[in-house]
$ cat structure03.txt   # compact mmCIF, N, CA and C atoms and all ligand atoms
# COMPACT_ATOMS: atom_id res chain seq x y z
N MET A 410 181.24 6.13 125.25
CA MET A 410 179.98 5.68 125.84
C MET A 410 178.86 5.83 124.79
N ALA A 411 178.19 4.74 124.54
CA ALA A 411 177.08 4.79 123.59
C ALA A 411 175.80 5.19 124.31
N ILE A 412 175.07 6.13 123.72
CA ILE A 412 173.79 6.57 124.30
C ILE A 412 172.71 5.71 123.69
N LYS A 413 171.94 5.05 124.58
CA LYS A 413 170.98 4.07 124.09
C LYS A 413 169.55 4.56 123.95
N SER A 414 169.23 5.66 124.59
CA SER A 414 167.84 6.13 124.46
C SER A 414 167.78 7.65 124.57
N LEU A 415 166.64 8.17 124.17
CA LEU A 415 166.41 9.62 124.25
C LEU A 415 166.41 10.07 125.72
N ASP A 416 165.85 9.21 126.57
CA ASP A 416 165.79 9.51 127.99
C ASP A 416 167.20 9.63 128.59
N GLU A 417 168.06 8.70 128.17
CA GLU A 417 169.44 8.72 128.64
C GLU A 417 170.13 10.02 128.18
N LEU A 418 169.87 10.41 126.95
CA LEU A 418 170.45 11.63 126.41
C LEU A 418 169.97 12.85 127.20
N ARG A 419 168.68 12.87 127.55
CA ARG A 419 168.12 13.98 128.34
C ARG A 419 168.80 14.09 129.69
N LYS A 420 169.01 12.93 130.33
CA LYS A 420 169.66 12.92 131.66
C LYS A 420 171.08 13.47 131.56
N ILE A 421 171.79 13.07 130.53
CA ILE A 421 173.17 13.55 130.35
C ILE A 421 173.15 15.07 130.14
N ARG A 422 172.19 15.54 129.34
CA ARG A 422 172.07 16.97 129.07
C ARG A 422 171.79 17.76 130.35
N GLU A 423 170.87 17.25 131.18
CA GLU A 423 170.55 17.93 132.44
C GLU A 423 171.75 17.97 133.37
N ALA A 424 172.46 16.86 133.47
CA ALA A 424 173.64 16.80 134.35
C ALA A 424 174.71 17.78 133.87
N SER A 425 174.90 17.88 132.57
CA SER A 425 175.90 18.80 132.02
C SER A 425 175.50 20.24 132.27
N ALA A 426 174.22 20.54 132.09
CA ALA A 426 173.74 21.92 132.30
C ALA A 426 173.99 22.34 133.73
N LYS A 427 173.79 21.43 134.68
CA LYS A 427 174.01 21.71 136.10
C LYS A 427 175.48 22.05 136.34
N LYS A 428 176.37 21.27 135.74
CA LYS A 428 177.81 21.51 135.92
C LYS A 428 178.24 22.82 135.29
N VAL A 429 177.71 23.13 134.12
CA VAL A 429 178.06 24.38 133.45
C VAL A 429 177.61 25.55 134.30
N ASN A 430 176.43 25.43 134.90
CA ASN A 430 175.91 26.46 135.79
C ASN A 430 176.85 26.75 136.94
N LEU A 431 177.41 25.69 137.51
CA LEU A 431 178.33 25.84 138.63
C LEU A 431 179.59 26.58 138.23
N ARG A 432 180.01 26.41 136.99
CA ARG A 432 181.26 27.02 136.55
C ARG A 432 181.07 28.39 135.95
N GLU A 433 179.82 28.79 135.84
CA GLU A 433 179.49 30.04 135.16
C GLU A 433 180.28 31.21 135.76
N THR A 434 180.78 32.06 134.90
CA THR A 434 181.46 33.25 135.40
C THR A 434 180.49 34.42 135.30
N GLY A 435 180.85 35.51 135.90
CA GLY A 435 179.97 36.67 135.80
C GLY A 435 180.13 37.56 137.01
N ASN A 436 179.21 38.51 137.16
CA ASN A 436 179.28 39.43 138.28
C ASN A 436 178.89 38.72 139.56
N SER A 437 179.55 39.13 140.63
CA SER A 437 179.19 38.49 141.88
C SER A 437 177.91 39.11 142.42
N SER A 438 177.20 38.31 143.18
CA SER A 438 175.97 38.79 143.75
C SER A 438 176.14 38.73 145.26
N GLU A 439 175.37 39.51 145.99
CA GLU A 439 175.56 39.67 147.43
C GLU A 439 175.46 38.37 148.24
N ASP A 440 174.62 37.44 147.83
CA ASP A 440 174.42 36.25 148.66
C ASP A 440 175.02 34.98 148.05
N ILE A 441 175.89 35.14 147.11
CA ILE A 441 176.49 33.98 146.46
C ILE A 441 177.92 33.77 146.96
N ILE A 442 178.22 32.56 147.36
CA ILE A 442 179.60 32.21 147.73
C ILE A 442 180.36 31.98 146.43
N GLU A 443 181.57 32.51 146.36
CA GLU A 443 182.38 32.30 145.16
C GLU A 443 183.62 31.49 145.52
N VAL A 444 183.92 30.53 144.66
CA VAL A 444 185.16 29.75 144.79
C VAL A 444 185.95 30.00 143.52
N LEU A 445 187.05 30.73 143.65
CA LEU A 445 187.87 31.07 142.48
C LEU A 445 189.04 30.11 142.40
N ILE A 446 189.16 29.43 141.28
CA ILE A 446 190.25 28.47 141.11
C ILE A 446 191.27 29.04 140.14
N GLY A 447 192.52 29.13 140.56
CA GLY A 447 193.59 29.64 139.70
C GLY A 447 193.90 28.62 138.61
N MET A 448 193.64 29.02 137.36
CA MET A 448 193.84 28.09 136.25
C MET A 448 194.91 28.59 135.28
N ALA A 449 195.95 29.26 135.83
CA ALA A 449 197.09 29.60 134.97
C ALA A 449 197.82 28.29 134.66
N THR A 450 198.77 28.35 133.73
CA THR A 450 199.48 27.13 133.33
C THR A 450 200.10 26.43 134.54
N CYS A 451 200.67 27.23 135.45
CA CYS A 451 201.31 26.63 136.63
C CYS A 451 200.28 25.90 137.49
N GLY A 452 199.08 26.47 137.58
CA GLY A 452 198.01 25.84 138.35
C GLY A 452 197.58 24.52 137.72
N ILE A 453 197.40 24.56 136.41
CA ILE A 453 196.98 23.35 135.70
C ILE A 453 198.04 22.26 135.85
N ALA A 454 199.31 22.67 135.72
CA ALA A 454 200.41 21.69 135.86
C ALA A 454 200.41 21.08 137.27
N ALA A 455 199.98 21.85 138.25
CA ALA A 455 199.99 21.36 139.64
C ALA A 455 198.71 20.62 140.01
N GLY A 456 197.75 20.52 139.08
CA GLY A 456 196.56 19.74 139.37
C GLY A 456 195.28 20.54 139.56
N ALA A 457 195.27 21.81 139.08
CA ALA A 457 194.09 22.66 139.28
C ALA A 457 192.82 22.09 138.62
N ARG A 458 192.99 21.37 137.51
CA ARG A 458 191.80 20.78 136.86
C ARG A 458 191.12 19.77 137.78
N GLU A 459 191.93 18.94 138.43
CA GLU A 459 191.38 17.94 139.36
C GLU A 459 190.72 18.66 140.55
N THR A 460 191.36 19.74 141.00
CA THR A 460 190.80 20.51 142.11
C THR A 460 189.45 21.10 141.69
N LEU A 461 189.40 21.70 140.51
CA LEU A 461 188.16 22.28 139.99
C LEU A 461 187.07 21.21 139.90
N ASN A 462 187.41 20.06 139.33
CA ASN A 462 186.41 18.99 139.17
C ASN A 462 185.92 18.48 140.53
N THR A 463 186.83 18.43 141.50
CA THR A 463 186.43 17.99 142.84
C THR A 463 185.43 18.98 143.44
N PHE A 464 185.71 20.27 143.32
CA PHE A 464 184.77 21.27 143.84
C PHE A 464 183.40 21.09 143.17
N ILE A 465 183.39 20.99 141.86
CA ILE A 465 182.13 20.87 141.14
C ILE A 465 181.37 19.60 141.55
N ASP A 466 182.08 18.49 141.64
CA ASP A 466 181.42 17.22 142.01
C ASP A 466 180.88 17.26 143.43
N GLU A 467 181.68 17.77 144.36
CA GLU A 467 181.25 17.79 145.77
C GLU A 467 180.09 18.75 146.00
N ILE A 468 180.13 19.90 145.34
CA ILE A 468 179.05 20.87 145.47
C ILE A 468 177.76 20.26 144.92
N ASP A 469 177.91 19.53 143.84
CA ASP A 469 176.77 18.85 143.23
C ASP A 469 176.25 17.76 144.17
N LYS A 470 177.15 16.93 144.71
CA LYS A 470 176.75 15.84 145.63
C LYS A 470 176.05 16.39 146.85
N LYS A 471 176.59 17.47 147.41
CA LYS A 471 176.02 18.03 148.63
C LYS A 471 174.86 18.97 148.34
N ASP A 472 174.60 19.18 147.05
CA ASP A 472 173.48 20.01 146.60
C ASP A 472 173.51 21.42 147.21
N ILE A 473 174.70 22.02 147.20
CA ILE A 473 174.84 23.39 147.71
C ILE A 473 174.40 24.33 146.58
N LYS A 474 173.45 25.22 146.90
CA LYS A 474 172.85 26.03 145.83
C LYS A 474 173.49 27.41 145.65
N ASN A 475 173.81 28.09 146.75
CA ASN A 475 174.23 29.49 146.65
C ASN A 475 175.73 29.62 146.45
N ILE A 476 176.25 28.92 145.48
CA ILE A 476 177.70 28.92 145.29
C ILE A 476 178.02 28.92 143.80
N ARG A 477 179.15 29.55 143.49
CA ARG A 477 179.57 29.61 142.09
C ARG A 477 181.07 29.27 142.03
N VAL A 478 181.43 28.37 141.16
CA VAL A 478 182.84 28.03 140.97
C VAL A 478 183.34 28.75 139.73
N ILE A 479 184.39 29.54 139.89
CA ILE A 479 184.86 30.40 138.80
C ILE A 479 186.33 30.11 138.49
N GLN A 480 186.61 29.89 137.24
CA GLN A 480 188.01 29.70 136.83
C GLN A 480 188.63 31.08 136.62
N VAL A 481 189.79 31.30 137.24
CA VAL A 481 190.48 32.58 137.05
C VAL A 481 191.91 32.30 136.57
N GLY A 482 192.61 33.36 136.20
CA GLY A 482 193.98 33.19 135.71
C GLY A 482 194.98 33.22 136.85
N CYS A 483 196.10 33.80 136.54
CA CYS A 483 197.23 33.86 137.47
C CYS A 483 196.87 34.60 138.75
N MET A 484 197.16 33.99 139.90
CA MET A 484 196.93 34.67 141.18
C MET A 484 198.26 35.07 141.81
N GLY A 485 199.36 34.77 141.12
CA GLY A 485 200.67 35.22 141.59
C GLY A 485 201.36 34.32 142.60
N TYR A 486 200.89 33.10 142.75
CA TYR A 486 201.49 32.19 143.73
C TYR A 486 201.88 30.86 143.11
N CYS A 487 202.69 30.92 142.07
CA CYS A 487 203.14 29.70 141.37
C CYS A 487 203.61 28.62 142.34
N HIS A 488 204.32 29.06 143.37
CA HIS A 488 204.92 28.09 144.31
C HIS A 488 203.89 27.34 145.15
N SER A 489 202.65 27.81 145.15
CA SER A 489 201.66 27.18 146.02
C SER A 489 200.43 26.70 145.26
N GLU A 490 200.58 26.47 143.97
CA GLU A 490 199.44 25.99 143.19
C GLU A 490 199.07 24.57 143.58
N PRO A 491 197.86 24.16 143.37
CA PRO A 491 196.71 24.95 142.96
C PRO A 491 196.24 25.92 144.06
N THR A 492 195.86 27.13 143.63
CA THR A 492 195.37 28.12 144.57
C THR A 492 193.85 28.28 144.42
N VAL A 493 193.20 28.52 145.55
CA VAL A 493 191.74 28.66 145.56
C VAL A 493 191.38 29.80 146.50
N GLN A 494 190.58 30.74 146.00
CA GLN A 494 190.10 31.83 146.84
C GLN A 494 188.63 31.60 147.15
N VAL A 495 188.30 31.72 148.44
CA VAL A 495 186.91 31.54 148.85
C VAL A 495 186.36 32.89 149.29
N ASN A 496 185.30 33.33 148.63
CA ASN A 496 184.63 34.59 148.99
C ASN A 496 183.26 34.26 149.56
N ILE A 497 183.13 34.43 150.87
CA ILE A 497 181.82 34.23 151.50
C ILE A 497 181.27 35.61 151.84
N PRO A 498 180.07 35.92 151.38
CA PRO A 498 179.52 37.26 151.64
C PRO A 498 179.59 37.63 153.12
N GLY A 499 180.08 38.84 153.38
CA GLY A 499 180.18 39.31 154.76
C GLY A 499 181.49 38.95 155.44
N ASN A 500 182.32 38.13 154.80
CA ASN A 500 183.62 37.73 155.36
C ASN A 500 184.74 38.18 154.44
N SER A 501 185.96 38.30 155.00
CA SER A 501 187.10 38.61 154.15
C SER A 501 187.39 37.42 153.24
N PRO A 502 187.80 37.69 152.02
CA PRO A 502 188.19 36.60 151.14
C PRO A 502 189.39 35.86 151.73
N VAL A 503 189.47 34.57 151.48
CA VAL A 503 190.59 33.76 151.98
C VAL A 503 191.22 33.05 150.79
N LEU A 504 192.53 33.16 150.69
CA LEU A 504 193.24 32.48 149.60
C LEU A 504 194.02 31.29 150.15
N TYR A 505 193.69 30.12 149.63
CA TYR A 505 194.37 28.89 150.04
C TYR A 505 195.38 28.47 148.99
N GLY A 506 196.46 27.83 149.45
CA GLY A 506 197.45 27.28 148.52
C GLY A 506 197.54 25.77 148.66
N ASN A 507 198.11 25.14 147.63
CA ASN A 507 198.30 23.69 147.60
C ASN A 507 196.99 22.94 147.80
N VAL A 508 195.97 23.36 147.08
CA VAL A 508 194.65 22.76 147.25
C VAL A 508 194.51 21.54 146.33
N ASP A 509 194.76 20.38 146.91
CA ASP A 509 194.56 19.14 146.14
C ASP A 509 193.10 18.70 146.31
N GLU A 510 192.79 17.51 145.79
CA GLU A 510 191.39 17.07 145.84
C GLU A 510 190.88 16.89 147.27
N LYS A 511 191.74 16.36 148.14
CA LYS A 511 191.32 16.14 149.53
C LYS A 511 191.06 17.48 150.22
N MET A 512 191.95 18.44 149.94
CA MET A 512 191.77 19.74 150.56
C MET A 512 190.55 20.47 150.03
N ALA A 513 190.23 20.24 148.76
CA ALA A 513 189.03 20.85 148.18
C ALA A 513 187.80 20.38 148.97
N ILE A 514 187.77 19.10 149.29
CA ILE A 514 186.65 18.56 150.08
C ILE A 514 186.64 19.17 151.48
N ASP A 515 187.84 19.31 152.09
CA ASP A 515 187.94 19.93 153.42
C ASP A 515 187.45 21.38 153.39
N ILE A 516 187.80 22.12 152.33
CA ILE A 516 187.37 23.52 152.23
C ILE A 516 185.84 23.59 152.20
N ILE A 517 185.23 22.68 151.45
CA ILE A 517 183.77 22.69 151.38
C ILE A 517 183.17 22.34 152.74
N GLU A 518 183.67 21.24 153.34
CA GLU A 518 183.07 20.78 154.59
C GLU A 518 183.35 21.73 155.76
N LYS A 519 184.58 22.21 155.85
CA LYS A 519 184.92 23.05 157.01
C LYS A 519 184.65 24.54 156.77
N HIS A 520 185.29 25.11 155.75
CA HIS A 520 185.16 26.56 155.56
C HIS A 520 183.77 26.96 155.05
N ILE A 521 183.36 26.34 153.96
CA ILE A 521 182.12 26.79 153.32
C ILE A 521 180.87 26.39 154.11
N LEU A 522 180.85 25.16 154.61
CA LEU A 522 179.64 24.73 155.32
C LEU A 522 179.67 25.02 156.82
N ASN A 523 180.87 25.15 157.42
CA ASN A 523 180.93 25.34 158.88
C ASN A 523 181.73 26.57 159.32
N ASN A 524 182.11 27.41 158.38
CA ASN A 524 182.80 28.66 158.70
C ASN A 524 184.09 28.46 159.52
N GLU A 525 184.78 27.35 159.28
CA GLU A 525 186.01 27.01 160.00
C GLU A 525 187.17 27.16 159.02
N LEU A 526 188.12 28.04 159.31
CA LEU A 526 189.23 28.22 158.37
C LEU A 526 190.25 27.10 158.48
N LEU A 527 190.90 26.79 157.37
CA LEU A 527 191.95 25.76 157.37
C LEU A 527 193.28 26.49 157.43
N ASP A 528 193.65 26.92 158.64
CA ASP A 528 194.78 27.83 158.84
C ASP A 528 196.09 27.41 158.17
N GLU A 529 196.40 26.13 158.20
CA GLU A 529 197.69 25.68 157.67
C GLU A 529 197.89 25.96 156.18
N ASN A 530 196.82 26.06 155.43
CA ASN A 530 196.95 26.27 153.98
C ASN A 530 196.56 27.66 153.52
N ILE A 531 196.37 28.58 154.44
CA ILE A 531 195.98 29.94 154.04
C ILE A 531 197.22 30.70 153.57
N LEU A 532 197.12 31.32 152.40
CA LEU A 532 198.20 32.18 151.90
C LEU A 532 197.94 33.60 152.36
N ILE A 533 196.73 34.11 152.19
CA ILE A 533 196.36 35.44 152.67
C ILE A 533 194.87 35.49 152.98
N LYS A 534 194.53 36.36 153.93
CA LYS A 534 193.11 36.55 154.22
C LYS A 534 192.78 38.00 154.56
N THR A 535 193.62 38.92 154.09
CA THR A 535 193.37 40.31 154.46
C THR A 535 193.31 41.25 153.27
N PHE A 536 193.13 40.72 152.07
CA PHE A 536 193.14 41.58 150.90
C PHE A 536 191.70 41.87 150.44
N GLU A 537 191.59 42.77 149.52
CA GLU A 537 190.28 43.10 148.98
C GLU A 537 189.81 41.98 148.06
N LYS A 538 188.50 41.83 147.97
CA LYS A 538 187.91 40.80 147.12
C LYS A 538 188.28 41.00 145.66
N ALA A 539 188.67 39.90 145.00
CA ALA A 539 189.03 39.98 143.58
C ALA A 539 187.78 40.11 142.73
S1 LIG B 1 202.08 32.17 136.41
FE1 LIG B 1 201.93 30.96 138.19
S2 LIG B 1 200.73 32.14 139.49
FE2 LIG B 1 201.07 33.41 137.79
$ encode --input "structure03.txt" --output "structure tokens"
Amino acid sequence: MAIKSLDELRKIREASAKKVNLRETGNSSEDIIEVLIGMATCGIAAGARETLNTFIDEIDKKDIKNIRVIQVGCMGYCHSEPTVQVNIPGNSPVLYGNVDEKMAIDIIEKHILNNELLDENILIKTFEKA
């Protein structure tokens, strides 16, 4: 893609900064929702990159502010990759398996925005927060 103007370059820079912010890792804060995406080799082979990009794009589209998408390593569930853990402050963490792009959208719309669990894809929901 050829960049034709300084203004165009600025827009691209702002859009990238927003995406990097969403993926930022770091300490969790009390009022921030965390979405942990398992990015071990098995996860990537099963489509975790597409899952990660879907989360980032949808969060951006829906302009959800108090959320952080974090890439993590092995979560120990090779058989159910891509895996995604959702940490909502005040609730037990929930680990989902087989999270494809469609399910990533469902997790945002149902679990994150409406506090509705997607029972069929839950691997665990009773462990301590990672
Ligand atoms: S190597 Fe696949 S979950 Fe650990």
$ atom_distance --input "structure03.txt" --atom1 "atom CA of A:Thr450" --atom2 "atom C of A:Leu504"
18.2 Å
$ select_by_dssp --input "structure03.txt" --residues "stretch 445-482 of chain A" --states "alpha helix (DSSP H)" --output "VMD selection string"
chain A and resid 450 to 454 457 to 470
$ residues_near_ligand --input "structure03.txt" --ligand "ligand LIG 1 (chain B)" --cutoff "8 Å" --atoms "only C-alpha atoms and all ligand atoms" --output "VMD selection string"
chain A and resid 447 449 to 452 482 to 488 490
$ atom_distance --input "structure03.txt" --atom1 "atom N of A:Gln480" --atom2 "atom N of A:Ala411"
29.4 Å
$ atom_distance --input "structure03.txt" --atom1 "atom C of A:Asp515" --atom2 "atom N of A:Ala454"
21.3 Å
$ select_by_dssp --input "structure03.txt" --residues "chain A" --states "strand (DSSP E)" --output "MDAnalysis selection string"
chainID A and resid 442:447 476:481 493:496 503:505 531:533
$ residues_near_point --input "structure03.txt" --point "(201.2, 28.6, 149.5)" --cutoff "6.5 Å" --atoms "only N, CA and C atoms" --output "ChimeraX atom specification"
/A:488-490,505-507,530-532
$ write_last_selection --input "structure03.txt" --atoms "N, CA and C atoms" --output "tab-separated table (two decimals), keeping the file's coordinate frame"
chain	number	residue	atom	x	y	z
A	488	HIS	N	204.32	29.06	143.37
A	488	HIS	CA	204.92	28.09	144.31
A	488	HIS	C	203.89	27.34	145.15
A	489	SER	N	202.65	27.81	145.15
A	489	SER	CA	201.66	27.18	146.02
A	489	SER	C	200.43	26.70	145.26
A	490	GLU	N	200.58	26.47	143.97
A	490	GLU	CA	199.44	25.99	143.19
A	490	GLU	C	199.07	24.57	143.58
A	505	TYR	N	193.69	30.12	149.63
A	505	TYR	CA	194.37	28.89	150.04
A	505	TYR	C	195.38	28.47	148.99
A	506	GLY	N	196.46	27.83	149.45
A	506	GLY	CA	197.45	27.28	148.52
A	506	GLY	C	197.54	25.77	148.66
A	507	ASN	N	198.11	25.14	147.63
A	507	ASN	CA	198.30	23.69	147.60
A	507	ASN	C	196.99	22.94	147.80
A	530	ASN	N	196.82	26.06	155.43
A	530	ASN	CA	196.95	26.27	153.98
A	530	ASN	C	196.56	27.66	153.52
A	531	ILE	N	196.37	28.58	154.44
A	531	ILE	CA	195.98	29.94	154.04
A	531	ILE	C	197.22	30.70	153.57
A	532	LEU	N	197.12	31.32	152.40
A	532	LEU	CA	198.20	32.18	151.90
A	532	LEU	C	197.94	33.60	152.36
$ closest_residue --input "structure03.txt" --among "A:Ile441, A:Ile476, A:Ala513, A:Val481" --to "A:Thr463" --atoms "all atoms listed in the file"
A:Ala513
$ closest_residue --input "structure03.txt" --among "A:Met448, A:Ile533, A:Ala424, A:Ile412" --to "A:Ser501" --atoms "all atoms listed in the file"
A:Ile533
$ closest_residue --input "structure03.txt" --among "A:Ser414, A:Thr492, A:Asn475, A:Asn462" --to "A:Val508" --atoms "all atoms listed in the file"
A:Thr492
$ closest_residue --input "structure03.txt" --among "A:Leu415, A:Ile442, A:Ile521, A:Val478" --to "A:Phe464" --atoms "all atoms listed in the file"
A:Val478
$ closest_residue --input "structure03.txt" --among "A:Leu461, A:Ile453, A:Ile468, A:Leu418" --to "A:Ile517" --atoms "only N, CA and C atoms"
A:Ile468
$ axis_aligned_box --input "structure03.txt" --around "stretch 500-506 of chain A" --padding-each-side "6 Å" --output "JSON"
{"center_x": 189.9, "center_y": 32.2, "center_z": 151.9, "size_x": 27.2, "size_y": 24.8, "size_z": 18.8}
$ closest_residue --input "structure03.txt" --among "A:Val444, A:Arg458, A:Glu510, A:Asn500" --to "A:Glu525" --atoms "only C-alpha atoms"
A:Asn500
